[in-house]
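*Asks:* I am sharing input10.pdb, which consists of PDB, N, CA and C atoms and all ligand atoms:
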ATOM      1  N   MET A   1     -19.923 -31.106 -67.898
ATOM      2  CA  MET A   1     -20.563 -31.430 -66.607
ATOM      3  C   MET A   1     -19.526 -31.621 -65.511
ATOM      4  N   ASN A   2     -18.538 -32.384 -65.818
ATOM      5  CA  ASN A   2     -17.499 -32.673 -64.835
ATOM      6  C   ASN A   2     -16.787 -31.421 -64.363
ATOM      7  N   ALA A   3     -16.499 -30.565 -65.311
ATOM      8  CA  ALA A   3     -15.806 -29.316 -64.959
ATOM      9  C   ALA A   3     -16.666 -28.495 -64.019
ATOM     10  N   ARG A   4     -17.971 -28.462 -64.271
ATOM     11  CA  ARG A   4     -18.878 -27.709 -63.398
ATOM     12  C   ARG A   4     -18.875 -28.290 -61.988
ATOM     13  N   ARG A   5     -18.899 -29.625 -61.958
ATOM     14  CA  ARG A   5     -18.940 -30.300 -60.660
ATOM     15  C   ARG A   5     -17.674 -29.965 -59.864
ATOM     16  N   ILE A   6     -16.562 -30.007 -60.575
ATOM     17  CA  ILE A   6     -15.288 -29.713 -59.917
ATOM     18  C   ILE A   6     -15.303 -28.282 -59.397
ATOM     19  N   ALA A   7     -15.843 -27.392 -60.231
ATOM     20  CA  ALA A   7     -15.913 -25.991 -59.817
ATOM     21  C   ALA A   7     -16.782 -25.856 -58.576
ATOM     22  N   LEU A   8     -17.905 -26.550 -58.555
ATOM     23  CA  LEU A   8     -18.830 -26.509 -57.414
ATOM     24  C   LEU A   8     -18.157 -27.038 -56.155
ATOM     25  N   ILE A   9     -17.489 -28.172 -56.304
ATOM     26  CA  ILE A   9     -16.786 -28.773 -55.155
ATOM     27  C   ILE A   9     -15.730 -27.809 -54.638
ATOM     28  N   THR A  10     -15.038 -27.171 -55.596
ATOM     29  CA  THR A  10     -13.997 -26.220 -55.209
ATOM     30  C   THR A  10     -14.603 -25.077 -54.411
ATOM     31  N   ILE A  11     -15.750 -24.575 -54.906
ATOM     32  CA  ILE A  11     -16.415 -23.460 -54.211
ATOM     33  C   ILE A  11     -16.838 -23.883 -52.811
ATOM     34  N   ILE A  12     -17.422 -25.087 -52.724
ATOM     35  CA  ILE A  12     -17.852 -25.604 -51.412
ATOM     36  C   ILE A  12     -16.649 -25.756 -50.487
ATOM     37  N   ALA A  13     -15.593 -26.297 -51.048
ATOM     38  CA  ALA A  13     -14.382 -26.491 -50.239
ATOM     39  C   ALA A  13     -13.844 -25.150 -49.753
ATOM     40  N   LEU A  14     -13.826 -24.182 -50.657
ATOM     41  CA  LEU A  14     -13.330 -22.848 -50.283
ATOM     42  C   LEU A  14     -14.217 -22.222 -49.216
ATOM     43  N   ALA A  15     -15.567 -22.420 -49.426
ATOM     44  CA  ALA A  15     -16.510 -21.876 -48.451
ATOM     45  C   ALA A  15     -16.259 -22.512 -47.086
ATOM     46  N   GLY A  16     -16.019 -23.839 -47.123
ATOM     47  CA  GLY A  16     -15.738 -24.551 -45.877
ATOM     48  C   GLY A  16     -14.494 -23.997 -45.206
ATOM     49  N   LEU A  17     -13.444 -23.797 -45.994
ATOM     50  CA  LEU A  17     -12.202 -23.258 -45.450
ATOM     51  C   LEU A  17     -12.440 -21.872 -44.845
ATOM     52  N   LEU A  18     -13.280 -21.080 -45.566
ATOM     53  CA  LEU A  18     -13.571 -19.727 -45.104
ATOM     54  C   LEU A  18     -14.268 -19.772 -43.744
ATOM     55  N   LEU A  19     -15.239 -20.706 -43.641
ATOM     56  CA  LEU A  19     -15.971 -20.844 -42.368
ATOM     57  C   LEU A  19     -15.024 -21.240 -41.241
ATOM     58  N   ILE A  20     -14.150 -22.210 -41.564
ATOM     59  CA  ILE A  20     -13.179 -22.648 -40.547
ATOM     60  C   ILE A  20     -12.302 -21.453 -40.147
ATOM     61  N   GLY A  21     -11.945 -20.706 -41.186
ATOM     62  CA  GLY A  21     -11.115 -19.527 -40.911
ATOM     63  C   GLY A  21     -11.829 -18.548 -39.996
ATOM     64  N   LEU A  22     -13.112 -18.293 -40.286
ATOM     65  CA  LEU A  22     -13.890 -17.362 -39.459
ATOM     66  C   LEU A  22     -14.013 -17.882 -38.032
ATOM     67  N   ALA A  23     -14.286 -19.211 -37.955
ATOM     68  CA  ALA A  23     -14.415 -19.810 -36.631
ATOM     69  C   ALA A  23     -13.117 -19.626 -35.866
ATOM     70  N   GLY A  24     -12.016 -19.817 -36.592
ATOM     71  CA  GLY A  24     -10.709 -19.640 -35.952
ATOM     72  C   GLY A  24     -10.557 -18.223 -35.433
ATOM     73  N   CYS A  25     -10.979 -17.259 -36.264
ATOM     74  CA  CYS A  25     -10.891 -15.861 -35.871
ATOM     75  C   CYS A  25     -11.710 -15.609 -34.614
ATOM     76  N   LYS A  26     -12.937 -16.177 -34.626
ATOM     77  CA  LYS A  26     -13.813 -15.973 -33.465
ATOM     78  C   LYS A  26     -13.170 -16.481 -32.191
ATOM     79  N   LYS A  27     -12.495 -17.637 -32.362
ATOM     80  CA  LYS A  27     -11.855 -18.208 -31.167
ATOM     81  C   LYS A  27     -10.816 -17.254 -30.606
ATOM     82  N   GLU A  28     -10.090 -16.614 -31.533
ATOM     83  CA  GLU A  28      -9.047 -15.691 -31.074
ATOM     84  C   GLU A  28      -9.638 -14.475 -30.384
ATOM     85  N   GLU A  29     -10.922 -14.193 -30.730
ATOM     86  CA  GLU A  29     -11.565 -13.046 -30.111
ATOM     87  C   GLU A  29     -12.243 -13.402 -28.791
ATOM     88  N   GLU A  30     -11.810 -14.449 -28.175
ATOM     89  CA  GLU A  30     -12.343 -14.842 -26.868
ATOM     90  C   GLU A  30     -12.411 -13.599 -25.980
ATOM     91  N   PRO A  31     -13.441 -13.517 -25.188
ATOM     92  CA  PRO A  31     -13.577 -12.312 -24.352
ATOM     93  C   PRO A  31     -12.285 -11.995 -23.616
ATOM     94  N   ALA A  32     -11.905 -10.755 -23.674
ATOM     95  CA  ALA A  32     -10.691 -10.327 -22.980
ATOM     96  C   ALA A  32     -10.913 -10.480 -21.485
ATOM     97  N   ALA A  33      -9.841 -10.531 -20.768
ATOM     98  CA  ALA A  33      -9.938 -10.665 -19.313
ATOM     99  C   ALA A  33     -10.819  -9.540 -18.779
ATOM    100  N   PRO A  34     -11.722  -9.866 -17.867
ATOM    101  CA  PRO A  34     -12.597  -8.811 -17.328
ATOM    102  C   PRO A  34     -11.765  -7.731 -16.642
ATOM    103  N   PRO A  35     -12.271  -6.501 -16.642
ATOM    104  CA  PRO A  35     -11.485  -5.445 -15.999
ATOM    105  C   PRO A  35     -11.163  -5.824 -14.563
ATOM    106  N   ALA A  36      -9.950  -5.573 -14.187
ATOM    107  CA  ALA A  36      -9.511  -5.952 -12.838
ATOM    108  C   ALA A  36     -10.390  -5.284 -11.790
ATOM    109  N   ALA A  37     -10.718  -6.026 -10.766
ATOM    110  CA  ALA A  37     -11.497  -5.460  -9.660
ATOM    111  C   ALA A  37     -10.662  -4.361  -9.002
ATOM    112  N   PRO A  38     -11.330  -3.345  -8.480
ATOM    113  CA  PRO A  38     -10.541  -2.263  -7.860
ATOM    114  C   PRO A  38      -9.651  -2.810  -6.760
ATOM    115  N   SER A  39      -8.429  -2.410  -6.794
ATOM    116  CA  SER A  39      -7.479  -2.902  -5.795
ATOM    117  C   SER A  39      -7.681  -2.154  -4.476
ATOM    118  N   ALA A  40      -7.087  -2.680  -3.453
ATOM    119  CA  ALA A  40      -7.190  -2.043  -2.128
ATOM    120  C   ALA A  40      -6.656  -0.610  -2.205
ATOM    121  N   ALA A  41      -5.616  -0.417  -3.020
ATOM    122  CA  ALA A  41      -5.018   0.917  -3.147
ATOM    123  C   ALA A  41      -6.021   1.895  -3.758
ATOM    124  N   ASP A  42      -6.780   1.401  -4.777
ATOM    125  CA  ASP A  42      -7.789   2.258  -5.419
ATOM    126  C   ASP A  42      -8.862   2.660  -4.411
ATOM    127  N   ILE A  43      -9.316   1.693  -3.627
ATOM    128  CA  ILE A  43     -10.357   1.963  -2.632
ATOM    129  C   ILE A  43      -9.846   2.988  -1.630
ATOM    130  N   GLU A  44      -8.609   2.837  -1.239
ATOM    131  CA  GLU A  44      -8.025   3.787  -0.289
ATOM    132  C   GLU A  44      -7.964   5.182  -0.890
ATOM    133  N   ALA A  45      -7.622   5.245  -2.179
ATOM    134  CA  ALA A  45      -7.518   6.543  -2.853
ATOM    135  C   ALA A  45      -8.883   7.225  -2.881
ATOM    136  N   VAL A  46      -9.921   6.439  -3.157
ATOM    137  CA  VAL A  46     -11.282   6.984  -3.192
ATOM    138  C   VAL A  46     -11.682   7.467  -1.806
ATOM    139  N   ALA A  47     -11.379   6.656  -0.796
ATOM    140  CA  ALA A  47     -11.706   7.023   0.587
ATOM    141  C   ALA A  47     -10.963   8.296   0.979
ATOM    142  N   ALA A  48      -9.714   8.385   0.551
ATOM    143  CA  ALA A  48      -8.909   9.560   0.874
ATOM    144  C   ALA A  48      -9.496  10.796   0.201
ATOM    145  N   ALA A  49      -9.943  10.636  -1.044
ATOM    146  CA  ALA A  49     -10.541  11.747  -1.780
ATOM    147  C   ALA A  49     -11.821  12.205  -1.092
ATOM    148  N   ALA A  50     -12.604  11.233  -0.595
ATOM    149  CA  ALA A  50     -13.840  11.564   0.111
ATOM    150  C   ALA A  50     -13.527  12.304   1.402
ATOM    151  N   ALA A  51     -12.491  11.856   2.093
ATOM    152  CA  ALA A  51     -12.094  12.497   3.344
ATOM    153  C   ALA A  51     -11.611  13.912   3.052
ATOM    154  N   GLU A  52     -10.949  14.074   1.922
ATOM    155  CA  GLU A  52     -10.396  15.369   1.523
ATOM    156  C   GLU A  52     -11.498  16.424   1.435
ATOM    157  N   SER A  53     -12.671  16.022   0.964
ATOM    158  CA  SER A  53     -13.748  16.976   0.745
ATOM    159  C   SER A  53     -14.255  17.595   2.039
ATOM    160  N   VAL A  54     -14.069  16.900   3.180
ATOM    161  CA  VAL A  54     -14.523  17.471   4.446
ATOM    162  C   VAL A  54     -13.323  17.899   5.291
ATOM    163  N   GLU A  55     -12.170  17.921   4.652
ATOM    164  CA  GLU A  55     -10.981  18.268   5.407
ATOM    165  C   GLU A  55     -10.911  19.770   5.658
ATOM    166  N   GLN A  56     -10.523  20.068   6.838
ATOM    167  CA  GLN A  56     -10.398  21.454   7.259
ATOM    168  C   GLN A  56      -9.164  22.083   6.622
ATOM    169  N   THR A  57      -9.305  23.271   6.095
ATOM    170  CA  THR A  57      -8.146  23.939   5.487
ATOM    171  C   THR A  57      -7.846  25.273   6.157
ATOM    172  N   THR A  58      -8.845  25.796   6.873
ATOM    173  CA  THR A  58      -8.619  27.087   7.535
ATOM    174  C   THR A  58      -8.881  26.985   9.033
ATOM    175  N   CYS A  59      -8.228  27.865   9.770
ATOM    176  CA  CYS A  59      -8.358  27.924  11.223
ATOM    177  C   CYS A  59      -9.772  28.399  11.577
ATOM    178  N   PRO A  60     -10.485  27.674  12.452
ATOM    179  CA  PRO A  60     -11.860  28.075  12.785
ATOM    180  C   PRO A  60     -11.917  29.386  13.572
ATOM    181  N   ILE A  61     -10.814  29.788  14.171
ATOM    182  CA  ILE A  61     -10.808  31.005  14.983
ATOM    183  C   ILE A  61     -10.460  32.230  14.133
ATOM    184  N   MET A  62      -9.365  32.156  13.421
ATOM    185  CA  MET A  62      -8.917  33.324  12.657
ATOM    186  C   MET A  62      -9.198  33.213  11.164
ATOM    187  N   GLY A  63      -9.500  32.031  10.694
ATOM    188  CA  GLY A  63      -9.768  31.841   9.269
ATOM    189  C   GLY A  63      -8.503  31.786   8.431
ATOM    190  N   ALA A  64      -7.360  31.726   9.110
ATOM    191  CA  ALA A  64      -6.089  31.640   8.381
ATOM    192  C   ALA A  64      -5.804  30.181   8.020
ATOM    193  N   LYS A  65      -4.818  29.976   7.172
ATOM    194  CA  LYS A  65      -4.451  28.635   6.749
ATOM    195  C   LYS A  65      -3.963  27.836   7.960
ATOM    196  N   ILE A  66      -4.406  26.607   8.048
ATOM    197  CA  ILE A  66      -4.033  25.798   9.204
ATOM    198  C   ILE A  66      -2.590  25.327   9.144
ATOM    199  N   ASP A  67      -2.068  25.091  10.335
ATOM    200  CA  ASP A  67      -0.757  24.457  10.492
ATOM    201  C   ASP A  67      -1.068  23.054  11.000
ATOM    202  N   LYS A  68      -0.762  22.055  10.168
ATOM    203  CA  LYS A  68      -1.161  20.680  10.526
ATOM    204  C   LYS A  68      -0.448  20.141  11.765
ATOM    205  N   SER A  69       0.542  20.856  12.255
ATOM    206  CA  SER A  69       1.223  20.394  13.469
ATOM    207  C   SER A  69       0.535  20.938  14.718
ATOM    208  N   ILE A  70      -0.419  21.882  14.521
ATOM    209  CA  ILE A  70      -1.157  22.438  15.657
ATOM    210  C   ILE A  70      -2.598  21.963  15.566
ATOM    211  N   TYR A  71      -2.955  21.034  16.424
ATOM    212  CA  TYR A  71      -4.323  20.521  16.395
ATOM    213  C   TYR A  71      -4.726  19.965  17.743
ATOM    214  N   THR A  72      -6.001  19.819  17.910
ATOM    215  CA  THR A  72      -6.536  19.167  19.093
ATOM    216  C   THR A  72      -7.573  18.172  18.601
ATOM    217  N   GLU A  73      -7.963  17.261  19.471
ATOM    218  CA  GLU A  73      -9.009  16.324  19.075
ATOM    219  C   GLU A  73     -10.289  16.693  19.794
ATOM    220  N   TYR A  74     -11.349  16.819  19.017
ATOM    221  CA  TYR A  74     -12.645  17.149  19.591
ATOM    222  C   TYR A  74     -13.658  16.156  19.070
ATOM    223  N   LYS A  75     -14.328  15.475  19.973
ATOM    224  CA  LYS A  75     -15.305  14.440  19.615
ATOM    225  C   LYS A  75     -14.718  13.442  18.617
ATOM    226  N   GLY A  76     -13.486  13.076  18.846
ATOM    227  CA  GLY A  76     -12.836  12.058  18.016
ATOM    228  C   GLY A  76     -12.323  12.551  16.675
ATOM    229  N   LYS A  77     -12.477  13.860  16.399
ATOM    230  CA  LYS A  77     -11.994  14.400  15.126
ATOM    231  C   LYS A  77     -10.916  15.440  15.386
ATOM    232  N   LYS A  78      -9.954  15.471  14.490
ATOM    233  CA  LYS A  78      -8.878  16.441  14.632
ATOM    234  C   LYS A  78      -9.340  17.814  14.160
ATOM    235  N   VAL A  79      -8.985  18.792  14.943
ATOM    236  CA  VAL A  79      -9.291  20.178  14.581
ATOM    237  C   VAL A  79      -7.953  20.902  14.508
ATOM    238  N   TYR A  80      -7.705  21.496  13.350
ATOM    239  CA  TYR A  80      -6.413  22.161  13.127
ATOM    240  C   TYR A  80      -6.537  23.670  13.303
ATOM    241  N   PHE A  81      -5.412  24.275  13.660
ATOM    242  CA  PHE A  81      -5.382  25.727  13.891
ATOM    243  C   PHE A  81      -4.178  26.340  13.188
ATOM    244  N   CYS A  82      -4.227  27.674  13.109
ATOM    245  CA  CYS A  82      -3.106  28.364  12.478
ATOM    246  C   CYS A  82      -2.000  28.639  13.482
ATOM    247  N   CYS A  83      -2.387  28.705  14.782
ATOM    248  CA  CYS A  83      -1.375  28.949  15.803
ATOM    249  C   CYS A  83      -1.856  28.418  17.156
ATOM    250  N   ALA A  84      -0.956  28.299  18.083
ATOM    251  CA  ALA A  84      -1.272  27.725  19.392
ATOM    252  C   ALA A  84      -2.334  28.549  20.118
ATOM    253  N   GLY A  85      -2.337  29.870  19.914
ATOM    254  CA  GLY A  85      -3.319  30.739  20.567
ATOM    255  C   GLY A  85      -4.735  30.363  20.172
ATOM    256  N   CYS A  86      -4.926  30.042  18.908
ATOM    257  CA  CYS A  86      -6.251  29.667  18.415
ATOM    258  C   CYS A  86      -6.679  28.339  19.010
ATOM    259  N   LYS A  87      -5.735  27.463  19.178
ATOM    260  CA  LYS A  87      -6.038  26.156  19.773
ATOM    261  C   LYS A  87      -6.589  26.376  21.192
ATOM    262  N   GLU A  88      -5.961  27.273  21.929
ATOM    263  CA  GLU A  88      -6.420  27.573  23.294
ATOM    264  C   GLU A  88      -7.826  28.155  23.276
ATOM    265  N   LYS A  89      -8.065  29.058  22.344
ATOM    266  CA  LYS A  89      -9.396  29.673  22.242
ATOM    267  C   LYS A  89     -10.447  28.623  21.935
ATOM    268  N   PHE A  90     -10.105  27.731  21.032
ATOM    269  CA  PHE A  90     -11.047  26.679  20.655
ATOM    270  C   PHE A  90     -11.346  25.785  21.852
ATOM    271  N   GLU A  91     -10.302  25.396  22.557
ATOM    272  CA  GLU A  91     -10.487  24.481  23.685
ATOM    273  C   GLU A  91     -11.309  25.120  24.806
ATOM    274  N   ALA A  92     -11.275  26.445  24.878
ATOM    275  CA  ALA A  92     -12.055  27.152  25.905
ATOM    276  C   ALA A  92     -13.546  27.115  25.576
ATOM    277  N   ALA A  93     -13.867  27.148  24.277
ATOM    278  CA  ALA A  93     -15.281  27.166  23.871
ATOM    279  C   ALA A  93     -15.451  26.499  22.510
ATOM    280  N   PRO A  94     -15.209  25.200  22.441
ATOM    281  CA  PRO A  94     -15.244  24.504  21.136
ATOM    282  C   PRO A  94     -16.566  24.648  20.396
ATOM    283  N   GLU A  95     -17.670  24.619  21.119
ATOM    284  CA  GLU A  95     -18.981  24.689  20.460
ATOM    285  C   GLU A  95     -19.146  25.955  19.612
ATOM    286  N   ASP A  96     -18.508  27.025  20.026
ATOM    287  CA  ASP A  96     -18.636  28.287  19.299
ATOM    288  C   ASP A  96     -18.034  28.217  17.892
ATOM    289  N   TYR A  97     -17.134  27.297  17.691
ATOM    290  CA  TYR A  97     -16.401  27.264  16.423
ATOM    291  C   TYR A  97     -16.776  26.101  15.509
ATOM    292  N   LEU A  98     -17.635  25.228  16.006
ATOM    293  CA  LEU A  98     -17.956  24.025  15.213
ATOM    294  C   LEU A  98     -18.563  24.349  13.854
ATOM    295  N   VAL A  99     -19.333  25.431  13.764
ATOM    296  CA  VAL A  99     -19.962  25.776  12.476
ATOM    297  C   VAL A  99     -18.927  26.073  11.405
ATOM    298  N   LYS A 100     -17.726  26.420  11.832
ATOM    299  CA  LYS A 100     -16.677  26.755  10.859
ATOM    300  C   LYS A 100     -15.840  25.544  10.469
ATOM    301  N   LEU A 101     -16.208  24.400  11.040
ATOM    302  CA  LEU A 101     -15.406  23.206  10.786
ATOM    303  C   LEU A 101     -16.145  22.222   9.886
ATOM    304  N   PRO A 102     -15.629  21.998   8.683
ATOM    305  CA  PRO A 102     -16.300  21.093   7.744
ATOM    306  C   PRO A 102     -16.473  19.686   8.304
ATOM    307  N   GLN A 103     -15.522  19.253   9.121
ATOM    308  CA  GLN A 103     -15.602  17.878   9.643
ATOM    309  C   GLN A 103     -16.755  17.700  10.649
ATOM    310  N   PHE A 104     -17.350  18.802  11.108
ATOM    311  CA  PHE A 104     -18.488  18.702  12.027
ATOM    312  C   PHE A 104     -19.800  19.064  11.355
ATOM    313  N   LYS A 105     -19.727  19.391  10.087
ATOM    314  CA  LYS A 105     -20.964  19.704   9.345
ATOM    315  C   LYS A 105     -21.579  18.415   8.845
ATOM    316  N   GLN A 106     -22.879  18.351   8.852
ATOM    317  CA  GLN A 106     -23.563  17.132   8.393
ATOM    318  C   GLN A 106     -24.112  17.349   7.000
TER     319      GLN A 106
HETATM  320 ZN    ZN B   1      -4.376  31.295  14.927
END
Now that the file is in, can you turn its structure into structure tokens?
Ligand SMILES: [Zn+2]
*Replies:*
Amino acid sequence: MNARRIALITIIALAGLLLIGLAGCKKEEEPAAPPAAPSAADIEAVAAAAAESVEQTTCPIMGAKIDKSIYTEYKGKKVYFCCAGCKEKFEAAPEDYLVKLPQFKQ
């Protein structure tokens, strides 16, 4: 009888230790730090990517690749051209070329 009792107590004690051990493990699994909120740099990158999608890449007059140093501002937006001649043409009749400009498309 005594031996059985000792065995039972041992099992209970071991079970108790196991539970404590599991509890300890659970504690270590405390929720990891929440994912960092998007930083200002990330937001800027997203905004830049969005701006990129409506960015002009070709000259509205000739359809050639734009030169970013040749531009005019129309209705608060920059319009780029491939050469100074195109800039002059645009400024003479900007409305004629707006359909070719992604930044003016809705
Ligand atoms: Zn040109």
*Asks:* Of the residues A:Phe90, A:Asp42, A:Thr58, A:Cys82, which is the one nearest to ligand ZN 1 (chain B), using all atoms listed in the file?
*Replies:*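 The shortest atom-to-atom distance to ligand ZN 1 (chain B) comes from A:Cys82.
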*Asks:* Could you tell me which residues the PyMOL selection byres (((not hetatm) and name CA) within 10 of (chain B and resi 1)) returns for this structure, as a list in words?
*Replies:*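 For this structure, the PyMOL selection byres (((not hetatm) and name CA) within 10 of (chain B and resi 1)) resolves to Thr58, Cys59, Pro60, Ile61, Met62, Gly63, Ala64, Lys65, Ile66, Asp67, Ile70, Tyr80, Phe81, Cys82, Cys83, Ala84, Gly85, Cys86, Lys87, Glu88, Lys89 and Phe90 of chain A.
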*Asks:* Work out how far atom C of Ala45 in chain A is from CA of Leu98 in chain A, in Å to one decimal.
*Replies:*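 So the two atoms, CA of Leu98 in chain A and atom C of Ala45 in chain A, lie 26.3 Å apart.
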*Asks:* For atom N of Asp96 in chain A and CA of Ser69 in chain A, quote the distance in Å rounded to one decimal.
*Replies:*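 Value for the atom N of Asp96 in chain A-CA of Ser69 in chain A distance: 21.8 Å.
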*Asks:* Between CA of Gln56 in chain A and atom C of Pro102 in chain A, what is the spacing in Å?
*Replies:*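 Taking atom C of Pro102 in chain A as the start and CA of Gln56 in chain A as the end point, the length is 6.4 Å.
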